[in-house]
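Here's query.txt, which has compact mmCIF, C-alpha atoms:
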# COMPACT_ATOMS: atom_id res chain seq x y z
CA MET J 1 -44.86 12.89 -135.52
CA VAL J 2 -45.41 13.28 -139.27
CA THR J 3 -43.47 10.08 -139.97
CA LEU J 4 -46.20 7.98 -138.44
CA LYS J 5 -49.13 9.64 -140.22
CA GLY J 6 -50.44 8.38 -143.53
CA GLU J 7 -53.28 9.26 -145.83
CA HIS J 8 -55.89 7.00 -144.19
CA ILE J 9 -54.30 5.85 -140.93
CA TYR J 10 -51.73 6.83 -138.37
CA LEU J 11 -49.62 4.86 -135.93
CA ARG J 12 -49.81 5.85 -132.29
CA ALA J 13 -48.56 4.73 -128.91
CA LEU J 14 -50.66 2.49 -126.70
CA GLU J 15 -53.03 4.28 -124.32
CA PRO J 16 -54.81 3.03 -121.18
CA GLU J 17 -58.06 3.18 -123.18
CA ASP J 18 -56.67 0.43 -125.44
CA LEU J 19 -57.01 -2.21 -122.70
CA SER J 20 -60.19 -3.75 -124.12
CA PHE J 21 -58.83 -3.73 -127.69
CA LEU J 22 -55.53 -5.25 -126.57
CA SER J 23 -57.32 -7.89 -124.50
CA GLY J 24 -59.49 -8.83 -127.47
CA ILE J 25 -56.41 -9.44 -129.59
CA GLU J 26 -54.21 -11.13 -127.00
CA ASN J 27 -56.99 -13.47 -125.85
CA ASP J 28 -58.26 -14.48 -129.30
CA GLU J 29 -57.14 -18.10 -129.61
CA ASN J 30 -57.35 -17.85 -133.40
CA LEU J 31 -54.45 -15.38 -133.29
CA TRP J 32 -52.21 -17.23 -130.86
CA GLU J 33 -50.34 -18.95 -133.68
CA LEU J 34 -49.16 -15.56 -134.94
CA SER J 35 -47.67 -14.53 -131.61
CA HIS J 36 -46.72 -17.99 -130.35
CA THR J 37 -49.03 -17.41 -127.38
CA GLN J 38 -50.35 -20.45 -125.55
CA THR J 39 -52.35 -19.04 -122.65
CA PRO J 40 -54.75 -16.13 -122.15
CA TYR J 41 -53.66 -12.87 -120.54
CA SER J 42 -55.55 -11.41 -117.60
CA GLN J 43 -56.80 -7.82 -117.62
CA TYR J 44 -54.41 -7.21 -114.72
CA ILE J 45 -51.34 -8.33 -116.70
CA LEU J 46 -52.38 -6.37 -119.78
CA LYS J 47 -53.01 -3.27 -117.66
CA GLN J 48 -49.47 -3.61 -116.23
CA TYR J 49 -48.15 -4.00 -119.77
CA LEU J 50 -49.88 -0.76 -120.80
CA GLU J 51 -48.52 1.02 -117.73
CA ASN J 52 -44.98 0.01 -118.74
CA SER J 53 -45.39 0.74 -122.44
CA TYR J 54 -43.68 4.11 -121.93
CA GLN J 55 -40.29 2.36 -122.14
CA ASP J 56 -38.47 3.25 -125.33
CA ILE J 57 -37.41 0.66 -127.87
CA TYR J 58 -33.81 0.64 -126.60
CA GLU J 59 -34.97 -0.41 -123.14
CA ALA J 60 -37.93 -2.67 -123.97
CA LYS J 61 -36.43 -4.14 -127.18
CA GLN J 62 -39.84 -3.73 -128.79
CA LEU J 63 -42.23 -1.06 -130.00
CA ARG J 64 -45.94 -1.75 -130.27
CA LEU J 65 -48.10 0.80 -132.04
CA ILE J 66 -51.84 1.00 -132.64
CA ILE J 67 -52.99 1.34 -136.24
CA SER J 68 -55.77 3.92 -136.02
CA ASN J 69 -57.99 5.62 -138.54
CA TYR J 70 -58.59 9.37 -138.32
CA GLU J 71 -61.86 8.80 -136.43
CA ASN J 72 -59.62 7.33 -133.65
CA LYS J 73 -60.90 3.79 -134.21
CA PRO J 74 -58.14 1.25 -133.50
CA LEU J 75 -57.86 -1.06 -136.50
CA GLY J 76 -54.93 -3.21 -135.44
CA MET J 77 -51.38 -3.21 -134.18
CA ILE J 78 -47.93 -3.18 -135.70
CA ASP J 79 -44.82 -4.14 -133.77
CA LEU J 80 -41.09 -3.97 -133.91
CA PHE J 81 -39.75 -6.82 -131.77
CA ASP J 82 -36.38 -8.38 -130.95
CA PHE J 83 -34.84 -4.95 -131.51
CA ASP J 84 -31.10 -5.52 -131.87
CA PHE J 85 -29.23 -2.21 -131.64
CA LYS J 86 -25.78 -3.77 -132.17
CA ASN J 87 -26.78 -5.48 -135.42
CA SER J 88 -29.21 -2.72 -136.44
CA ARG J 89 -32.26 -4.92 -137.05
CA ALA J 90 -35.72 -5.72 -135.75
CA GLY J 91 -38.57 -8.08 -136.46
CA VAL J 92 -41.92 -6.78 -137.70
CA GLY J 93 -45.39 -8.07 -136.88
CA ILE J 94 -48.70 -6.67 -138.03
CA LEU J 95 -52.36 -7.43 -137.41
CA VAL J 96 -55.49 -5.78 -138.73
CA ARG J 97 -58.11 -6.97 -136.23
CA GLN J 98 -61.47 -7.13 -137.99
CA GLN J 99 -62.05 -9.04 -141.22
CA GLU J 100 -63.99 -6.09 -142.70
CA ASP J 101 -60.94 -3.83 -142.20
CA ARG J 102 -58.60 -6.20 -144.05
CA GLN J 103 -57.86 -5.76 -147.75
CA GLN J 104 -58.56 -2.01 -147.36
CA GLY J 105 -54.93 -0.89 -147.61
CA TYR J 106 -54.52 -0.22 -143.87
CA GLY J 107 -51.88 -2.89 -143.38
CA LYS J 108 -49.95 -1.71 -146.43
CA GLU J 109 -50.00 1.90 -145.27
CA ALA J 110 -49.04 0.93 -141.70
CA LEU J 111 -46.15 -1.19 -142.95
CA GLN J 112 -44.91 1.63 -145.21
CA LEU J 113 -45.00 4.06 -142.27
CA LEU J 114 -43.16 1.64 -139.99
CA ILE J 115 -40.48 0.88 -142.60
CA ASN J 116 -39.88 4.60 -143.12
CA TYR J 117 -39.74 5.22 -139.36
CA SER J 118 -37.39 2.27 -138.80
CA PHE J 119 -34.93 3.30 -141.50
CA THR J 120 -35.01 7.09 -141.00
CA HIS J 121 -35.51 7.55 -137.24
CA LEU J 122 -34.11 4.34 -135.78
CA ASN J 123 -31.41 4.03 -138.45
CA LEU J 124 -32.01 0.30 -138.77
CA HIS J 125 -30.18 -1.61 -141.47
CA GLN J 126 -32.74 -4.36 -141.82
CA LEU J 127 -36.20 -5.58 -140.90
CA TYR J 128 -37.41 -9.15 -140.96
CA CYS J 129 -40.61 -11.09 -140.42
CA ASN J 130 -41.71 -14.68 -139.96
CA ILE J 131 -44.82 -15.79 -141.85
CA SER J 132 -46.53 -19.17 -142.03
CA GLU J 133 -46.24 -20.73 -145.46
CA ASP J 134 -50.03 -20.74 -145.86
CA ASN J 135 -50.53 -17.05 -144.96
CA LEU J 136 -50.51 -15.79 -148.55
CA ALA J 137 -52.07 -12.40 -147.71
CA SER J 138 -49.21 -11.56 -145.32
CA ILE J 139 -46.55 -12.91 -147.66
CA ASN J 140 -47.93 -10.70 -150.44
CA LEU J 141 -48.19 -7.68 -148.12
CA PHE J 142 -44.54 -7.88 -147.12
CA ALA J 143 -43.27 -8.89 -150.58
CA ASN J 144 -45.03 -5.89 -152.12
CA GLN J 145 -43.07 -3.65 -149.73
CA GLY J 146 -39.73 -5.09 -150.82
CA PHE J 147 -39.28 -7.93 -148.33
CA GLU J 148 -37.66 -11.00 -149.87
CA ILE J 149 -38.04 -14.62 -148.81
CA VAL J 150 -34.59 -15.65 -147.60
CA GLY J 151 -35.38 -18.92 -145.90
CA LEU J 152 -37.87 -21.62 -145.06
CA LYS J 153 -38.07 -23.01 -141.53
CA LYS J 154 -39.49 -26.51 -141.92
CA ASP J 155 -42.00 -27.87 -139.40
CA TRP J 156 -41.55 -24.66 -137.41
CA VAL J 157 -45.05 -24.13 -135.97
CA TYR J 158 -47.18 -26.83 -134.38
CA LYS J 159 -50.94 -26.32 -134.61
CA ASN J 160 -53.88 -28.73 -134.66
CA LYS J 161 -51.61 -31.76 -134.41
CA THR J 162 -49.71 -30.68 -137.54
CA PHE J 163 -46.40 -28.95 -138.15
CA LYS J 164 -46.35 -25.99 -140.52
CA ASN J 165 -43.49 -24.38 -142.38
CA GLU J 166 -42.64 -20.72 -141.82
CA TYR J 167 -40.88 -18.32 -144.17
CA LEU J 168 -38.28 -15.82 -143.08
CA LEU J 169 -38.51 -12.56 -145.05
CA GLN J 170 -36.02 -9.72 -144.92
CA LEU J 171 -35.81 -6.11 -146.07
CA ILE J 172 -32.38 -4.50 -146.15
CA ASN J 173 -32.08 -0.71 -146.15
CA SER J 174 -29.73 -0.12 -149.05
Represent the supplied structure as structure tokens.
Amino acid sequence: MVTLKGEHIYLRALEPEDLSFLSGIENDENLWELSHTQTPYSQYILKQYLENSYQDIYEAKQLRLIISNYENKPLGMIDLFDFDFKNSRAGVGILVRQQEDRQQGYGKEALQLLINYSFTHLNLHQLYCNISEDNLASINLFANQGFEIVGLKKDWVYKNKTFKNEYLLQLINS
């Protein structure tokens, strides 16, 4: 699908070969705050998840795609979640896995591709995301693609015996 191909990366469906990559992300405790995860996932559970990833967004209410370079190296993932057909909206989450792959434009390009796909193929009216107040890189990434801060959820995330605020950002397809 041309919509999901960019200059440096493309977005693709999950494959069985992504089990190790997926496990590395889902079981990295440093990332649990982003996904509100609190326990590790077994290889068995993740394998079942991959086997059921054929469900379309209308059935699963989410779409998880691998961000891949053209050498077929998985760089990260980008998700549509809480897909709400009636209200024509979905949440967006993105992760570029390795530090050396960040700040290379991959996240920006992946987000642009997903926005275009969401508005042209899924006919969504709006996208939103939730970002911790201290995650300036993500706030800038989304703001530079037209997302606006529309709210602040105070003491929303508890980590390391401290509550953190979380912004709600929104992009409306006008």
Atom pair CA of Val157 (chain J) / CA of Gly24 (chain J): separation (Å): 22.7 Å
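Proximity of J:Leu50, J:Leu75, J:Ala137, J:Leu171 to Asn116 (chain J), computed with all atoms listed in the file, is greatest for J:Leu171.
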Coordinates-based distance that separates CA of Cys129 (chain J) from CA of Asn144 (chain J) (Å, one decimal): 13.5 Å
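For the pair CA of Gly107 (chain J) and CA of Ser138 (chain J), the interatomic distance is 9.3 Å.
With all atoms listed in the file as the atoms that count, the residue of J:Glu100, J:Glu71, J:Asp56, J:Asp155 with the shortest distance to Tyr167 (chain J) is J:Asp155.
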Could I get the residues of region 48-147 of chain J with an atom no further than 12 Å from an atom of region 1-16 of chain J, each paired with its nearest atom pair and that distance in Å to one decimal, using all atoms listed in the file, sorted by chain and residue number, as JSON lines?
{"residue": "J:Gln48", "atom": "CA", "partner": "J:Pro16", "partner_atom": "CA", "distance": 9.9}
{"residue": "J:Tyr49", "atom": "CA", "partner": "J:Pro16", "partner_atom": "CA", "distance": 9.8}
{"residue": "J:Leu50", "atom": "CA", "partner": "J:Pro16", "partner_atom": "CA", "distance": 6.2}
{"residue": "J:Glu51", "atom": "CA", "partner": "J:Pro16", "partner_atom": "CA", "distance": 7.5}
{"residue": "J:Asn52", "atom": "CA", "partner": "J:Leu14", "partner_atom": "CA", "distance": 10.1}
{"residue": "J:Ser53", "atom": "CA", "partner": "J:Leu14", "partner_atom": "CA", "distance": 7.0}
{"residue": "J:Tyr54", "atom": "CA", "partner": "J:Ala13", "partner_atom": "CA", "distance": 8.5}
{"residue": "J:Gln55", "atom": "CA", "partner": "J:Ala13", "partner_atom": "CA", "distance": 10.9}
{"residue": "J:Asp56", "atom": "CA", "partner": "J:Ala13", "partner_atom": "CA", "distance": 10.8}
{"residue": "J:Ile57", "atom": "CA", "partner": "J:Ala13", "partner_atom": "CA", "distance": 11.9}
{"residue": "J:Leu63", "atom": "CA", "partner": "J:Ala13", "partner_atom": "CA", "distance": 8.6}
{"residue": "J:Arg64", "atom": "CA", "partner": "J:Ala13", "partner_atom": "CA", "distance": 7.1}
{"residue": "J:Leu65", "atom": "CA", "partner": "J:Ala13", "partner_atom": "CA", "distance": 5.0}
{"residue": "J:Ile66", "atom": "CA", "partner": "J:Arg12", "partner_atom": "CA", "distance": 5.3}
{"residue": "J:Ile67", "atom": "CA", "partner": "J:Leu11", "partner_atom": "CA", "distance": 4.9}
{"residue": "J:Ser68", "atom": "CA", "partner": "J:Ile9", "partner_atom": "CA", "distance": 5.5}
{"residue": "J:Asn69", "atom": "CA", "partner": "J:Ile9", "partner_atom": "CA", "distance": 4.4}
{"residue": "J:Tyr70", "atom": "CA", "partner": "J:Ile9", "partner_atom": "CA", "distance": 6.1}
{"residue": "J:Glu71", "atom": "CA", "partner": "J:Ile9", "partner_atom": "CA", "distance": 9.3}
{"residue": "J:Asn72", "atom": "CA", "partner": "J:Ile9", "partner_atom": "CA", "distance": 9.1}
{"residue": "J:Lys73", "atom": "CA", "partner": "J:Ile9", "partner_atom": "CA", "distance": 9.6}
{"residue": "J:Pro74", "atom": "CA", "partner": "J:Ile9", "partner_atom": "CA", "distance": 9.5}
{"residue": "J:Leu75", "atom": "CA", "partner": "J:Ile9", "partner_atom": "CA", "distance": 8.9}
{"residue": "J:Gly76", "atom": "CA", "partner": "J:Leu11", "partner_atom": "CA", "distance": 9.7}
{"residue": "J:Met77", "atom": "CA", "partner": "J:Leu11", "partner_atom": "CA", "distance": 8.4}
{"residue": "J:Ile78", "atom": "CA", "partner": "J:Leu11", "partner_atom": "CA", "distance": 8.2}
{"residue": "J:Asp79", "atom": "CA", "partner": "J:Leu11", "partner_atom": "CA", "distance": 10.4}
{"residue": "J:Ile94", "atom": "CA", "partner": "J:Leu11", "partner_atom": "CA", "distance": 11.8}
{"residue": "J:Val96", "atom": "CA", "partner": "J:Ile9", "partner_atom": "CA", "distance": 11.9}
{"residue": "J:Asp101", "atom": "CA", "partner": "J:Ile9", "partner_atom": "CA", "distance": 11.8}
{"residue": "J:Gln104", "atom": "CA", "partner": "J:His8", "partner_atom": "CA", "distance": 9.9}
{"residue": "J:Gly105", "atom": "CA", "partner": "J:His8", "partner_atom": "CA", "distance": 8.7}
{"residue": "J:Tyr106", "atom": "CA", "partner": "J:Ile9", "partner_atom": "CA", "distance": 6.7}
{"residue": "J:Gly107", "atom": "CA", "partner": "J:Ile9", "partner_atom": "CA", "distance": 9.4}
{"residue": "J:Lys108", "atom": "CA", "partner": "J:Ile9", "partner_atom": "CA", "distance": 10.3}
{"residue": "J:Glu109", "atom": "CA", "partner": "J:Gly6", "partner_atom": "CA", "distance": 6.7}
{"residue": "J:Ala110", "atom": "CA", "partner": "J:Leu11", "partner_atom": "CA", "distance": 7.0}
{"residue": "J:Leu111", "atom": "CA", "partner": "J:Leu11", "partner_atom": "CA", "distance": 9.9}
{"residue": "J:Gln112", "atom": "CA", "partner": "J:Gly6", "partner_atom": "CA", "distance": 8.9}
{"residue": "J:Leu113", "atom": "CA", "partner": "J:Leu4", "partner_atom": "CA", "distance": 5.6}
{"residue": "J:Leu114", "atom": "CA", "partner": "J:Leu4", "partner_atom": "CA", "distance": 7.2}
{"residue": "J:Ile115", "atom": "CA", "partner": "J:Leu4", "partner_atom": "CA", "distance": 10.0}
{"residue": "J:Asn116", "atom": "CA", "partner": "J:Thr3", "partner_atom": "CA", "distance": 7.3}
{"residue": "J:Tyr117", "atom": "CA", "partner": "J:Thr3", "partner_atom": "CA", "distance": 6.2}
{"residue": "J:Ser118", "atom": "CA", "partner": "J:Thr3", "partner_atom": "CA", "distance": 10.0}
{"residue": "J:Phe119", "atom": "CA", "partner": "J:Thr3", "partner_atom": "CA", "distance": 11.0}
{"residue": "J:Thr120", "atom": "CA", "partner": "J:Thr3", "partner_atom": "CA", "distance": 9.0}
{"residue": "J:His121", "atom": "CA", "partner": "J:Thr3", "partner_atom": "CA", "distance": 8.8}
{"residue": "J:Leu122", "atom": "CA", "partner": "J:Thr3", "partner_atom": "CA", "distance": 11.8}
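Look at Asn87 (chain J): the protein and nucleic acid residues within 12 Å of it, using all atoms listed in the file and passing over chain neighbours fewer than 6 places away, are Asn123, Leu124, His125, Gln126 and Leu127 of chain J.
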Padded axis-aligned box of region 90-97 of chain J (8 Å per side), centre and edge lengths, Å, one decimal, as lines of an AutoDock Vina configuration file:
center_x = -46.9
center_y = -6.9
center_z = -137.2
size_x = 38.4
size_y = 18.4
size_z = 19.0
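Of the residues listed (J:Ser174, J:Lys159, J:Gly93, J:Tyr58), J:Gly93 shows the shortest atom-to-atom separation from Ile139 (chain J); distances use only C-alpha atoms.
Minimum atom-to-atom distance to Tyr128 (chain J), evaluated using all atoms listed in the file, belongs to J:Val92 out of J:Leu80, J:Leu46, J:Val92, J:Leu152.
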Contact residues around Phe163 (chain J) with all atoms listed in the file at 12 Å, ignoring same-chain residues under 4 positions, as a PyMOL selection string: chain J and resi 33+132-134+153-159
